[in-house]
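**Student:** My file is structure-v4.csv. It has CSV, C-alpha atoms:
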chain,number,residue,atom,x,y,z
A,1,MET,CA,-5.6,-22.2,-0.5
A,2,LYS,CA,-2.8,-19.6,-0.9
A,3,PRO,CA,-2.2,-18.9,-4.6
A,4,LYS,CA,1.1,-19.8,-6.3
A,5,THR,CA,1.5,-16.2,-7.6
A,6,ILE,CA,0.6,-12.9,-5.9
A,7,HIS,CA,0.0,-10.0,-8.3
A,8,ILE,CA,0.4,-6.4,-7.1
A,9,GLN,CA,-2.0,-4.1,-9.1
A,10,ASP,CA,-1.5,-0.4,-8.5
A,11,VAL,CA,-4.4,2.0,-8.5
A,12,THR,CA,-2.5,5.2,-7.6
A,13,LEU,CA,-3.2,6.9,-10.9
A,14,ARG,CA,-6.9,6.3,-10.6
A,15,ASP,CA,-8.0,5.9,-7.0
A,16,GLY,CA,-5.1,7.8,-5.5
A,17,ASN,CA,-5.2,10.7,-8.0
A,18,GLN,CA,-9.0,11.2,-7.7
A,19,ALA,CA,-8.6,11.9,-3.9
A,20,LEU,CA,-5.9,14.6,-4.3
A,21,LYS,CA,-6.8,18.2,-3.5
A,22,ARG,CA,-5.0,19.0,-6.8
A,23,PRO,CA,-5.1,16.0,-9.2
A,24,TRP,CA,-2.0,15.5,-11.2
A,25,THR,CA,-1.3,17.0,-14.6
A,26,ILE,CA,-0.6,14.7,-17.5
A,27,ASP,CA,3.2,15.3,-17.1
A,28,GLU,CA,2.9,14.4,-13.5
A,29,LYS,CA,0.9,11.3,-14.3
A,30,ILE,CA,3.5,10.2,-16.8
A,31,GLU,CA,6.2,10.6,-14.1
A,32,VAL,CA,4.1,8.5,-11.6
A,33,PHE,CA,3.5,5.9,-14.3
A,34,ASP,CA,7.3,5.6,-14.9
A,35,LEU,CA,7.9,5.3,-11.1
A,36,LEU,CA,5.4,2.4,-11.1
A,37,VAL,CA,7.2,0.8,-14.0
A,38,GLY,CA,10.5,1.2,-12.2
A,39,LEU,CA,9.0,-0.5,-9.1
A,40,ASN,CA,7.9,-3.3,-11.4
A,41,VAL,CA,4.4,-3.6,-10.1
A,42,ASP,CA,2.5,-6.4,-11.9
A,43,GLY,CA,-0.2,-4.1,-13.3
A,44,ILE,CA,-1.3,-0.5,-13.4
A,45,GLU,CA,-4.7,1.1,-13.4
A,46,VAL,CA,-4.2,4.4,-15.3
A,47,GLY,CA,-7.5,6.2,-14.7
A,48,PHE,CA,-11.2,6.7,-15.3
A,49,PRO,CA,-11.3,7.7,-19.0
A,50,SER,CA,-15.0,8.5,-19.3
A,51,SER,CA,-14.9,11.1,-16.5
A,52,ASN,CA,-13.5,13.9,-18.7
A,53,GLU,CA,-11.5,14.5,-21.9
A,54,THR,CA,-8.2,15.2,-20.2
A,55,GLU,CA,-8.5,11.9,-18.3
A,56,PHE,CA,-9.3,10.1,-21.5
A,57,PHE,CA,-6.3,11.5,-23.3
A,58,THR,CA,-4.0,10.8,-20.4
A,59,CYS,CA,-5.1,7.2,-20.3
A,60,GLN,CA,-4.4,6.9,-24.0
A,61,VAL,CA,-0.9,8.3,-23.6
A,62,LEU,CA,-0.1,5.9,-20.7
A,63,ALA,CA,-1.6,2.9,-22.4
A,64,LYS,CA,0.7,3.5,-25.4
A,65,ARG,CA,3.6,4.0,-23.0
A,66,ALA,CA,3.2,0.7,-21.2
A,67,PRO,CA,5.9,-2.0,-21.4
A,68,LYS,CA,5.1,-5.2,-23.2
A,69,GLY,CA,3.1,-7.6,-21.1
A,70,LYS,CA,2.2,-5.1,-18.4
A,71,PRO,CA,-1.6,-5.2,-17.7
A,72,ILE,CA,-3.0,-1.7,-18.1
A,73,ALA,CA,-6.5,-1.2,-16.6
A,74,ALA,CA,-9.0,1.6,-16.7
A,75,LEU,CA,-12.2,1.9,-14.8
A,76,SER,CA,-15.7,2.1,-16.2
A,77,ARG,CA,-19.2,2.1,-14.7
A,78,ALA,CA,-21.6,-0.5,-16.0
A,79,ASN,CA,-23.0,1.2,-19.0
A,80,GLU,CA,-22.2,0.7,-22.7
A,81,LYS,CA,-21.2,4.3,-23.5
A,82,GLU,CA,-18.6,4.4,-20.7
A,83,ILE,CA,-17.3,0.9,-21.6
A,84,THR,CA,-16.8,2.0,-25.2
A,85,VAL,CA,-14.9,5.1,-24.2
A,86,THR,CA,-12.8,3.2,-21.8
A,87,TRP,CA,-11.8,0.6,-24.4
A,88,GLU,CA,-10.9,3.4,-26.9
A,89,ALA,CA,-8.6,4.9,-24.2
A,90,ILE,CA,-6.6,1.7,-23.4
A,91,GLN,CA,-6.9,-0.6,-26.4
A,92,LYS,CA,-3.4,0.4,-27.6
A,93,ALA,CA,-1.7,-1.0,-24.5
A,94,ASP,CA,0.1,-4.3,-25.2
A,95,LYS,CA,-2.1,-5.9,-22.5
A,96,PRO,CA,-5.2,-3.8,-21.9
A,97,ARG,CA,-7.7,-4.7,-19.1
A,98,MET,CA,-11.3,-3.6,-18.9
A,99,HIS,CA,-12.4,-2.8,-15.3
A,100,ILE,CA,-16.2,-2.5,-14.7
A,101,VAL,CA,-17.6,-1.6,-11.3
A,102,TYR,CA,-21.2,-1.9,-10.0
A,103,PRO,CA,-22.6,-2.0,-6.4
A,104,VAL,CA,-23.6,-5.3,-4.8
A,105,SER,CA,-24.4,-4.5,-1.2
A,106,ASP,CA,-27.9,-4.5,0.1
A,107,PHE,CA,-27.5,-1.0,1.4
A,108,SER,CA,-26.3,0.4,-1.9
A,109,ILE,CA,-28.9,-1.4,-3.9
A,110,LYS,CA,-31.7,-0.1,-1.8
A,111,HIS,CA,-30.5,3.4,-1.0
A,112,VAL,CA,-28.2,4.4,-3.9
A,113,LEU,CA,-29.3,2.4,-7.0
A,114,LYS,CA,-33.0,2.1,-5.7
A,115,ILE,CA,-33.6,-0.9,-8.0
A,116,SER,CA,-34.3,-4.6,-7.5
A,117,GLU,CA,-31.6,-7.3,-7.1
A,118,LYS,CA,-32.9,-8.9,-10.3
A,119,GLU,CA,-32.2,-5.6,-12.1
A,120,VAL,CA,-28.7,-5.5,-10.6
A,121,LEU,CA,-28.0,-9.0,-12.1
A,122,GLU,CA,-29.3,-7.9,-15.5
A,123,LYS,CA,-27.1,-4.8,-15.4
A,124,ILE,CA,-24.0,-6.8,-14.5
A,125,LYS,CA,-24.8,-9.4,-17.2
A,126,SER,CA,-25.5,-6.9,-20.0
A,127,SER,CA,-22.5,-4.6,-19.3
A,128,ILE,CA,-19.9,-7.4,-19.1
A,129,SER,CA,-21.4,-9.2,-22.1
A,130,PHE,CA,-21.1,-5.9,-24.0
A,131,ALA,CA,-17.5,-5.4,-22.9
A,132,ARG,CA,-16.6,-9.0,-23.9
A,133,LYS,CA,-18.1,-8.4,-27.3
A,134,ILE,CA,-16.1,-5.3,-28.0
A,135,VAL,CA,-12.7,-6.3,-26.4
A,136,GLY,CA,-12.7,-9.8,-27.9
A,137,PRO,CA,-12.0,-13.2,-26.2
A,138,ASN,CA,-8.4,-12.6,-25.0
A,139,VAL,CA,-8.6,-9.3,-23.1
A,140,GLU,CA,-9.0,-9.5,-19.3
A,141,ILE,CA,-12.2,-8.2,-17.9
A,142,GLN,CA,-12.3,-7.3,-14.2
A,143,PHE,CA,-15.6,-6.9,-12.4
A,144,SER,CA,-15.6,-5.1,-9.0
A,145,GLY,CA,-18.6,-5.5,-6.8
A,146,GLU,CA,-18.6,-2.1,-5.1
A,147,HIS,CA,-19.2,-2.2,-1.3
A,148,PHE,CA,-18.5,-6.0,-1.2
A,149,GLY,CA,-17.3,-5.5,2.3
A,150,ASP,CA,-20.7,-4.2,3.3
A,151,ALA,CA,-22.6,-7.1,1.7
A,152,ILE,CA,-23.1,-9.2,4.8
A,153,GLU,CA,-26.9,-8.8,4.7
A,154,ASN,CA,-27.3,-10.1,1.2
A,155,PHE,CA,-24.2,-12.3,0.8
A,156,HIS,CA,-26.1,-15.1,-1.0
A,157,PHE,CA,-27.1,-12.5,-3.7
A,158,THR,CA,-23.5,-11.2,-3.9
A,159,LYS,CA,-22.3,-14.7,-4.8
A,160,ASP,CA,-24.9,-14.8,-7.5
A,161,ALA,CA,-23.7,-11.4,-8.8
A,162,PHE,CA,-20.2,-12.6,-9.1
A,163,LEU,CA,-21.2,-15.9,-10.8
A,164,THR,CA,-23.3,-13.8,-13.2
A,165,ALA,CA,-20.3,-11.6,-14.0
A,166,ILE,CA,-18.1,-14.7,-14.7
A,167,GLU,CA,-20.8,-16.3,-16.9
A,168,ALA,CA,-21.0,-13.0,-18.9
A,169,GLY,CA,-17.2,-13.0,-19.5
A,170,ALA,CA,-15.4,-11.6,-16.5
A,171,ASN,CA,-12.2,-13.4,-15.5
A,172,ILE,CA,-11.1,-11.3,-12.6
A,173,ILE,CA,-13.5,-10.8,-9.6
A,174,ASN,CA,-12.4,-7.8,-7.5
A,175,LEU,CA,-13.7,-7.7,-3.9
A,176,PRO,CA,-13.6,-4.1,-2.5
A,177,ASN,CA,-13.8,-3.1,1.1
A,178,THR,CA,-15.1,0.2,-0.3
A,179,VAL,CA,-15.6,1.6,3.2
A,180,GLU,CA,-13.8,-0.3,6.0
A,181,ARG,CA,-16.5,-1.0,8.7
A,182,TYR,CA,-15.6,-4.3,10.3
A,183,ARG,CA,-12.6,-6.1,11.6
A,184,PRO,CA,-10.3,-7.8,9.1
A,185,MET,CA,-11.3,-11.4,9.7
A,186,ILE,CA,-15.0,-10.7,8.8
A,187,PHE,CA,-13.9,-9.5,5.4
A,188,VAL,CA,-11.3,-12.3,5.0
A,189,ASN,CA,-13.9,-14.9,5.8
A,190,MET,CA,-16.1,-13.4,3.1
A,191,VAL,CA,-13.3,-13.6,0.6
A,192,LYS,CA,-12.7,-17.2,1.6
A,193,GLU,CA,-16.4,-18.0,0.9
A,194,ILE,CA,-16.3,-16.3,-2.5
A,195,LYS,CA,-13.2,-18.2,-3.4
A,196,GLU,CA,-14.9,-21.5,-2.4
A,197,THR,CA,-17.9,-20.5,-4.5
A,198,ILE,CA,-16.2,-19.6,-7.8
A,199,GLY,CA,-13.2,-21.9,-7.5
A,200,ASP,CA,-10.8,-21.5,-10.5
A,201,ARG,CA,-13.3,-19.9,-12.8
A,202,ALA,CA,-11.8,-16.4,-12.1
A,203,ILE,CA,-9.0,-14.7,-10.3
A,204,ILE,CA,-9.8,-13.2,-6.9
A,205,SER,CA,-8.6,-9.7,-6.4
A,206,ILE,CA,-8.8,-7.5,-3.3
A,207,HIS,CA,-9.2,-3.8,-3.0
A,208,THR,CA,-9.4,-2.4,0.5
A,209,HIS,CA,-9.7,1.1,2.0
A,210,ASN,CA,-8.1,2.2,5.3
A,211,ASP,CA,-11.0,3.9,7.2
A,212,LEU,CA,-10.2,2.0,10.4
A,213,GLY,CA,-6.5,1.7,9.7
A,214,MET,CA,-6.5,-2.0,8.8
A,215,ALA,CA,-6.4,-2.1,5.0
A,216,THR,CA,-2.9,-3.7,4.9
A,217,ALA,CA,-3.8,-6.4,7.4
A,218,THR,CA,-7.0,-7.2,5.6
A,219,SER,CA,-5.3,-7.4,2.2
A,220,VAL,CA,-2.4,-9.5,3.4
A,221,GLU,CA,-4.6,-12.0,5.2
A,222,SER,CA,-6.9,-12.3,2.1
A,223,VAL,CA,-4.0,-13.8,0.2
A,224,TYR,CA,-4.0,-16.8,2.6
A,225,VAL,CA,-7.6,-17.6,1.7
A,226,GLY,CA,-7.1,-17.4,-2.0
A,227,ALA,CA,-6.8,-13.8,-3.2
A,228,GLU,CA,-4.3,-13.7,-6.1
A,229,GLN,CA,-4.3,-10.0,-6.8
A,230,ILE,CA,-4.0,-7.1,-4.3
A,231,GLU,CA,-4.8,-3.6,-5.4
A,232,VAL,CA,-2.6,-1.0,-3.7
A,233,ALA,CA,-1.5,2.6,-3.9
A,234,LEU,CA,1.8,4.5,-3.5
A,235,ASN,CA,2.0,6.2,-0.1
A,236,GLY,CA,-1.4,4.7,0.7
A,237,LEU,CA,-3.1,7.4,-1.4
A,238,GLY,CA,-6.9,7.3,-1.9
A,239,GLU,CA,-10.2,8.5,-0.7
A,240,ARG,CA,-10.7,9.5,2.9
A,241,ALA,CA,-8.0,7.5,4.9
A,242,GLY,CA,-6.6,6.1,1.7
A,243,ASN,CA,-6.1,2.8,0.0
A,244,THR,CA,-4.0,-0.2,0.9
A,245,ASN,CA,-0.4,0.9,1.1
A,246,LEU,CA,1.8,-0.7,-1.5
A,247,TYR,CA,5.0,-0.6,0.7
A,248,GLU,CA,3.4,-2.0,3.8
A,249,THR,CA,1.7,-4.8,1.9
A,250,ALA,CA,4.8,-5.8,-0.1
A,251,ILE,CA,7.1,-5.9,2.9
A,252,ALA,CA,4.6,-7.8,5.0
A,253,LEU,CA,4.2,-10.5,2.3
A,254,HIS,CA,8.0,-10.6,1.8
A,255,GLN,CA,8.6,-11.0,5.5
A,256,ASN,CA,6.2,-13.9,5.5
A,257,GLY,CA,8.2,-15.7,2.8
A,258,GLU,CA,6.2,-14.7,-0.3
A,259,SER,CA,7.9,-14.0,-3.6
A,260,LEU,CA,6.9,-10.8,-5.4
A,261,ASN,CA,8.1,-9.3,-8.6
A,262,LEU,CA,8.6,-5.9,-7.0
A,263,ASN,CA,11.8,-3.9,-7.2
A,264,PHE,CA,12.0,-3.3,-3.4
A,265,GLN,CA,15.0,-1.0,-3.7
A,266,ARG,CA,12.9,1.6,-5.5
A,267,ILE,CA,10.4,1.9,-2.6
A,268,TYR,CA,11.9,4.7,-0.6
A,269,PRO,CA,12.9,7.0,-3.5
A,270,THR,CA,9.5,6.5,-5.0
A,271,ALA,CA,7.7,7.3,-1.7
A,272,LYS,CA,9.8,10.5,-1.4
A,273,ARG,CA,9.0,11.6,-4.9
A,274,ILE,CA,5.2,10.9,-4.5
A,275,SER,CA,5.3,13.0,-1.3
A,276,GLU,CA,6.8,15.9,-3.3
A,277,LEU,CA,4.3,15.5,-6.1
A,278,THR,CA,1.3,15.5,-3.8
A,279,GLY,CA,2.4,17.9,-1.1
A,280,ILE,CA,1.4,15.3,1.5
A,281,PRO,CA,4.3,14.8,4.0
A,282,ILE,CA,5.5,11.4,5.1
A,283,GLY,CA,4.9,11.0,8.9
A,284,GLU,CA,8.1,10.3,10.8
A,285,LYS,CA,6.5,7.1,12.2
A,286,THR,CA,5.1,5.9,8.9
A,287,PRO,CA,6.0,2.2,8.5
A,288,ILE,CA,8.7,1.4,5.9
A,289,ILE,CA,9.3,5.0,4.8
A,290,GLY,CA,9.1,7.2,7.9
A,291,GLU,CA,12.2,9.2,9.0
A,292,ASP,CA,12.2,7.8,12.5
A,293,ILE,CA,11.6,4.0,12.0
A,294,PHE,CA,15.2,3.0,12.4
A,295,SER,CA,15.8,5.2,15.5
A,296,HIS,CA,16.2,3.7,19.0
A,297,ARG,CA,16.0,5.7,22.2
A,298,SER,CA,15.0,3.1,24.8
A,299,GLY,CA,17.9,1.7,26.9
A,300,ILE,CA,16.7,-1.9,26.6
A,301,HIS,CA,16.2,-1.5,22.8
A,302,GLN,CA,19.6,0.1,22.4
A,303,ASP,CA,21.3,-2.8,24.1
A,304,GLY,CA,19.7,-5.3,21.7
A,305,VAL,CA,20.4,-3.1,18.6
A,306,THR,CA,24.1,-2.8,19.3
A,307,LYS,CA,24.4,-6.6,19.7
A,308,THR,CA,22.7,-7.3,16.4
A,309,LEU,CA,23.6,-4.3,14.4
A,310,HIS,CA,25.3,-6.1,11.5
A,311,GLN,CA,23.1,-9.1,11.4
A,312,SER,CA,20.4,-9.7,8.7
A,313,LYS,CA,17.8,-9.9,11.4
A,314,GLY,CA,18.0,-7.0,14.0
A,315,ALA,CA,16.7,-7.3,17.5
A,316,TYR,CA,14.4,-4.3,16.9
A,317,ARG,CA,14.4,-4.1,13.1
A,318,THR,CA,12.2,-5.9,10.6
A,319,PHE,CA,14.3,-5.2,7.5
A,320,SER,CA,17.4,-3.3,6.5
A,321,PRO,CA,17.2,0.3,5.3
A,322,GLU,CA,19.1,-0.5,2.1
A,323,PHE,CA,16.5,-3.2,1.2
A,324,VAL,CA,13.9,-0.5,0.4
A,325,GLY,CA,16.4,1.9,-1.1
A,326,ARG,CA,17.2,4.0,2.0
A,327,GLY,CA,20.6,5.6,2.5
A,328,ASP,CA,20.3,5.9,6.3
A,329,LYS,CA,21.0,3.3,8.9
A,330,GLU,CA,19.9,2.3,12.4
A,331,THR,CA,20.6,5.2,14.8
A,332,ILE,CA,20.9,5.4,18.6
A,333,SER,CA,20.0,8.7,20.3
A,334,PHE,CA,20.3,9.7,24.0
A,335,THR,CA,17.3,10.8,26.0
A,336,ASN,CA,16.4,10.4,29.6
A,337,GLN,CA,14.9,7.0,28.5
A,338,SER,CA,18.3,5.8,27.2
A,339,GLY,CA,20.9,3.6,28.9
A,340,HIS,CA,24.7,3.3,29.4
A,341,LYS,CA,24.9,1.4,26.1
A,342,ALA,CA,23.9,4.4,24.1
A,343,ILE,CA,26.8,6.5,25.4
A,344,GLU,CA,29.3,3.7,24.9
A,345,PHE,CA,28.1,3.1,21.3
A,346,LEU,CA,27.9,6.7,20.3
A,347,LEU,CA,31.4,7.4,21.6
A,348,GLU,CA,32.9,4.2,20.0
A,349,GLN,CA,31.5,5.4,16.7
A,350,LYS,CA,33.6,8.5,17.1
A,351,GLY,CA,36.7,6.4,18.0
A,352,ILE,CA,36.5,7.5,21.7
A,353,GLN,CA,37.3,4.7,24.2
A,354,VAL,CA,36.2,5.3,27.8
A,355,SER,CA,36.1,3.1,30.9
A,356,LYS,CA,32.9,1.8,32.5
A,357,GLU,CA,33.3,4.2,35.4
A,358,GLU,CA,33.6,7.1,32.9
A,359,ILE,CA,30.6,5.9,31.0
A,360,HIS,CA,28.6,5.8,34.3
A,361,HIS,CA,29.7,9.4,35.1
A,362,LEU,CA,28.8,10.6,31.6
A,363,PHE,CA,25.5,8.8,31.8
A,364,SER,CA,24.6,10.7,35.0
A,365,LEU,CA,25.7,14.0,33.5
A,366,ALA,CA,23.7,13.5,30.3
A,367,LYS,CA,20.6,12.4,32.2
A,368,SER,CA,20.9,15.4,34.5
A,369,ILE,CA,21.1,17.8,31.5
A,370,SER,CA,18.2,16.2,29.7
A,371,SER,CA,15.9,16.2,32.8
A,372,ARG,CA,16.9,19.8,33.6
A,373,GLU,CA,16.1,21.0,30.1
A,374,ASN,CA,12.6,19.5,29.6
A,375,ASN,CA,13.8,16.0,28.8
A,376,ARG,CA,15.4,17.0,25.6
A,377,GLU,CA,17.6,14.7,23.5
A,378,ILE,CA,21.3,15.0,24.1
A,379,THR,CA,23.1,15.1,20.7
A,380,GLU,CA,26.1,13.1,19.7
A,381,ALA,CA,28.2,16.2,19.6
A,382,GLU,CA,27.3,17.1,23.2
A,383,LEU,CA,28.2,13.6,24.4
A,384,VAL,CA,31.6,13.9,22.7
A,385,GLU,CA,32.1,17.3,24.3
A,386,LEU,CA,31.1,15.9,27.7
A,387,SER,CA,33.5,13.0,27.3
A,388,HIS,CA,36.3,15.3,26.6
A,389,SER,CA,35.6,17.4,29.7
A,390,VAL,CA,35.4,14.3,31.9
A,391,LEU,CA,38.6,12.9,30.5
A,392,ALA,CA,40.4,16.3,30.9
A,393,VAL,CA,39.4,16.5,34.5
A,394,GLN,CA,40.8,13.0,35.1
Would you write out, as structure tokens, the structure that this file holds?

**Tutor:**
Amino acid sequence: MKPKTIHIQDVTLRDGNQALKRPWTIDEKIEVFDLLVGLNVDGIEVGFPSSNETEFFTCQVLAKRAPKGKPIAALSRANEKEITVTWEAIQKADKPRMHIVYPVSDFSIKHVLKISEKEVLEKIKSSISFARKIVGPNVEIQFSGEHFGDAIENFHFTKDAFLTAIEAGANIINLPNTVERYRPMIFVNMVKEIKETIGDRAIISIHTHNDLGMATATSVESVYVGAEQIEVALNGLGERAGNTNLYETAIALHQNGESLNLNFQRIYPTAKRISELTGIPIGEKTPIIGEDIFSHRSGIHQDGVTKTLHQSKGAYRTFSPEFVGRGDKETISFTNQSGHKAIEFLLEQKGIQVSKEEIHHLFSLAKSISSRENNREITEAELVELSHSVLAVQ
């Protein structure tokens, strides 16, 4: 059931930006937009035009700036006034896309909307029919059933909601895990059932949040039950714990043999710049872009690394640093968890040849220093100095 093509739809400029402590200025949004174009994501959601005048103007600017053939979406709630404003904001894009959102979960209908399911269907039908009327027959309309991931109690109704949206003119059905509450396979099985229900009448899209830390896994697995589009964000930006991370999702799909249009070499420089623009630091252990992810300190790992260092597949490496545009390389450091191989490798890198007996002696010295000084790391320079002292004594 896996689709032939997987589309990466980025929502950083809308979902990511709205969660920032200081939302971006128009100039910053233009820079982020250009970064996304450089990454060659398949589509870009530029904002929520009806929320304020500045947002409306920014969406207009970005829509006009869009490359030919690049889908440019903007979000609207399900009412005619907002839909009209949204269309005015993005219609100058070469390929505009209307995105309408409305709740579909039992909880939201009862406690937020406080209306009947029949009224929900009427709202979906009227809003999408209106949108289709003003955008014409050839513009894509995406309908998001907000809180789809929480729609277990009224799943039969949810199916009706999406079928209603398609009949009214929607050709992309977006399934959001608006708040991540359950394990990935519960959501994935829901996606599978929706795909079986609507067949080829609309594209299935996925939009997951990371409240439990499983957004990437949920999105990736959804592809294998029929999702053709994944909505992601740069650096995983988004409300609360963030949205599905673009880099993690793209690399996971690539590692599983999927073909994407993404310019992978732009990942790392883009991530660094987004961190600067948001003031949100990149954790050193963050997958794909963290400072420490190519570092090896365990003796067993270091042995495997040195034996596979120049191979395309590393013993303890998923992908090469240069593949995502990094200028660093796999590194080996010495701590009291390291082995003899670390010393041998680090000295060889400096052109220093020592015997096995000398390595064993250096190993004991370095371990002793590390343990004596609160298990600190022994630097390469210190190892070189120790080797010189050992060789001088001999």

**Student:** Can you build me a table of region 138-255 of chain A residues sitting at most 7 Å from region 15-30 of chain A, with the closest atom pair per residue and its distance in Å to one decimal, using all atoms listed in the file, sorted by chain and residue number, as a Markdown table?

**Tutor:**
| residue | atom | partner | partner_atom | distance |
| --- | --- | --- | --- | --- |
| A:Ala233 | CA | A:Gly16 | CA | 6.5 |
| A:Leu237 | CA | A:Gly16 | CA | 4.6 |
| A:Gly238 | CA | A:Gly16 | CA | 4.1 |
| A:Glu239 | CA | A:Ala19 | CA | 4.9 |

**Student:** Enumerate, in order of chain and increasing residue number, the residues of region 232-346 of chain A with an atom no farther than 12 Å from region 170-182 of chain A, each with its shortest atom pair and distance in Å to one decimal, counting all atoms listed in the file, as JSON lines.

**Tutor:**
{"residue": "A:Val232", "atom": "CA", "partner": "A:Pro176", "partner_atom": "CA", "distance": 11.5}
{"residue": "A:Gly238", "atom": "CA", "partner": "A:Thr178", "partner_atom": "CA", "distance": 11.0}
{"residue": "A:Glu239", "atom": "CA", "partner": "A:Val179", "partner_atom": "CA", "distance": 9.6}
{"residue": "A:Arg240", "atom": "CA", "partner": "A:Val179", "partner_atom": "CA", "distance": 9.3}
{"residue": "A:Ala241", "atom": "CA", "partner": "A:Val179", "partner_atom": "CA", "distance": 9.8}
{"residue": "A:Gly242", "atom": "CA", "partner": "A:Val179", "partner_atom": "CA", "distance": 10.2}
{"residue": "A:Asn243", "atom": "CA", "partner": "A:Thr178", "partner_atom": "CA", "distance": 9.4}
{"residue": "A:Thr244", "atom": "CA", "partner": "A:Asn177", "partner_atom": "CA", "distance": 10.2}

**Student:** Would you kindly return, as a ChimeraX atom specification, each protein, DNA or RNA residue with an atom no farther than 7 Å from any atom of Gln60 (chain A), considering all atoms listed in the file and excluding same-chain residues fewer than 3 positions away?

**Tutor:** /A:56-57,63-64,89-90

**Student:** Would you mind listing what lies within 12 Å of Ser355 (chain A) as a PyMOL selection string, with all atoms listed in the file counted and same-chain residues fewer than 3 positions away left out?

**Tutor:** chain A and resi 340+343-344+347-348+352+358-362+387+390-391+394

**Student:** Would you kindly return, as a CSV table (one decimal) with C-alpha atoms, keeping the file's coordinate frame, each protein, DNA or RNA residue with an atom no farther than 9 Å from any atom of region 111-127 of chain A, considering all atoms listed in the file and excluding same-chain residues fewer than 5 positions away?

**Tutor:**
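Result saved to out.csv:
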chain,number,residue,atom,x,y,z
A,77,ARG,CA,-19.2,2.1,-14.7
A,78,ALA,CA,-21.6,-0.5,-16.0
A,79,ASN,CA,-23.0,1.2,-19.0
A,80,GLU,CA,-22.2,0.7,-22.7
A,83,ILE,CA,-17.3,0.9,-21.6
A,100,ILE,CA,-16.2,-2.5,-14.7
A,101,VAL,CA,-17.6,-1.6,-11.3
A,102,TYR,CA,-21.2,-1.9,-10.0
A,103,PRO,CA,-22.6,-2.0,-6.4
A,104,VAL,CA,-23.6,-5.3,-4.8
A,106,ASP,CA,-27.9,-4.5,0.1
A,132,ARG,CA,-16.6,-9.0,-23.9
A,143,PHE,CA,-15.6,-6.9,-12.4
A,157,PHE,CA,-27.1,-12.5,-3.7
A,160,ASP,CA,-24.9,-14.8,-7.5
A,161,ALA,CA,-23.7,-11.4,-8.8
A,162,PHE,CA,-20.2,-12.6,-9.1
A,164,THR,CA,-23.3,-13.8,-13.2
A,165,ALA,CA,-20.3,-11.6,-14.0
A,166,ILE,CA,-18.1,-14.7,-14.7
A,167,GLU,CA,-20.8,-16.3,-16.9
A,168,ALA,CA,-21.0,-13.0,-18.9
A,169,GLY,CA,-17.2,-13.0,-19.5

**Student:** Return the single residue from A:Ala381, A:Leu386, A:Ile230, A:Leu62 that is closest to Ile8 (chain A), with distances computed using all atoms listed in the file.

**Tutor:** A:Ile230

**Student:** Go ahead and compute the interatomic distance for CA of Leu39 (chain A) and CA of Gln265 (chain A), in Å to one decimal.

**Tutor:**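 CA of Gln265 (chain A) lies at a distance of 8.1 Å from CA of Leu39 (chain A).
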
**Student:** A:Leu36, A:Leu253, A:Val11, A:Ile289: which is nearest Tyr224 (chain A), counting only C-alpha atoms?

**Tutor:**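 Distance minimum relative to Tyr224 (chain A) lands on A:Leu253.
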
**Student:** Can you work out the spacing between CA of Gly213 (chain A) and CA of Gly38 (chain A) in Å, to one decimal?

**Tutor:**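 Separation between CA of Gly213 (chain A) and CA of Gly38 (chain A): 27.7 Å.
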
**Student:** Which residue out of A:Lys2, A:Ser320, A:Lys313, A:Pro184 has the minimum interatomic distance to Ile293 (chain A) when all atoms listed in the file are used?

**Tutor:**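 Of A:Lys2, A:Ser320, A:Lys313, A:Pro184, the one nearest Ile293 (chain A) is A:Ser320, counting all atoms listed in the file.
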
**Student:** Can you tell me, as a list in words, what residues are no more than 10 Å from region 374-376 of chain A when counting all atoms listed in the file, ignoring any on the same chain fewer than 6 positions away?

**Tutor:** Phe334, Thr335, Asn336, Gln337, Lys367 and Ser368 of chain A

**Student:** CA of Ser312 (chain A) to CA of Gly351 (chain A): how many Å, to one decimal?

**Tutor:** 24.7 Å

**Student:** Counting all atoms listed in the file, which of A:Glu31, A:Gly327, A:Ile141, A:Glu55 gets nearest to Ala202 (chain A)?

**Tutor:** A:Ile141
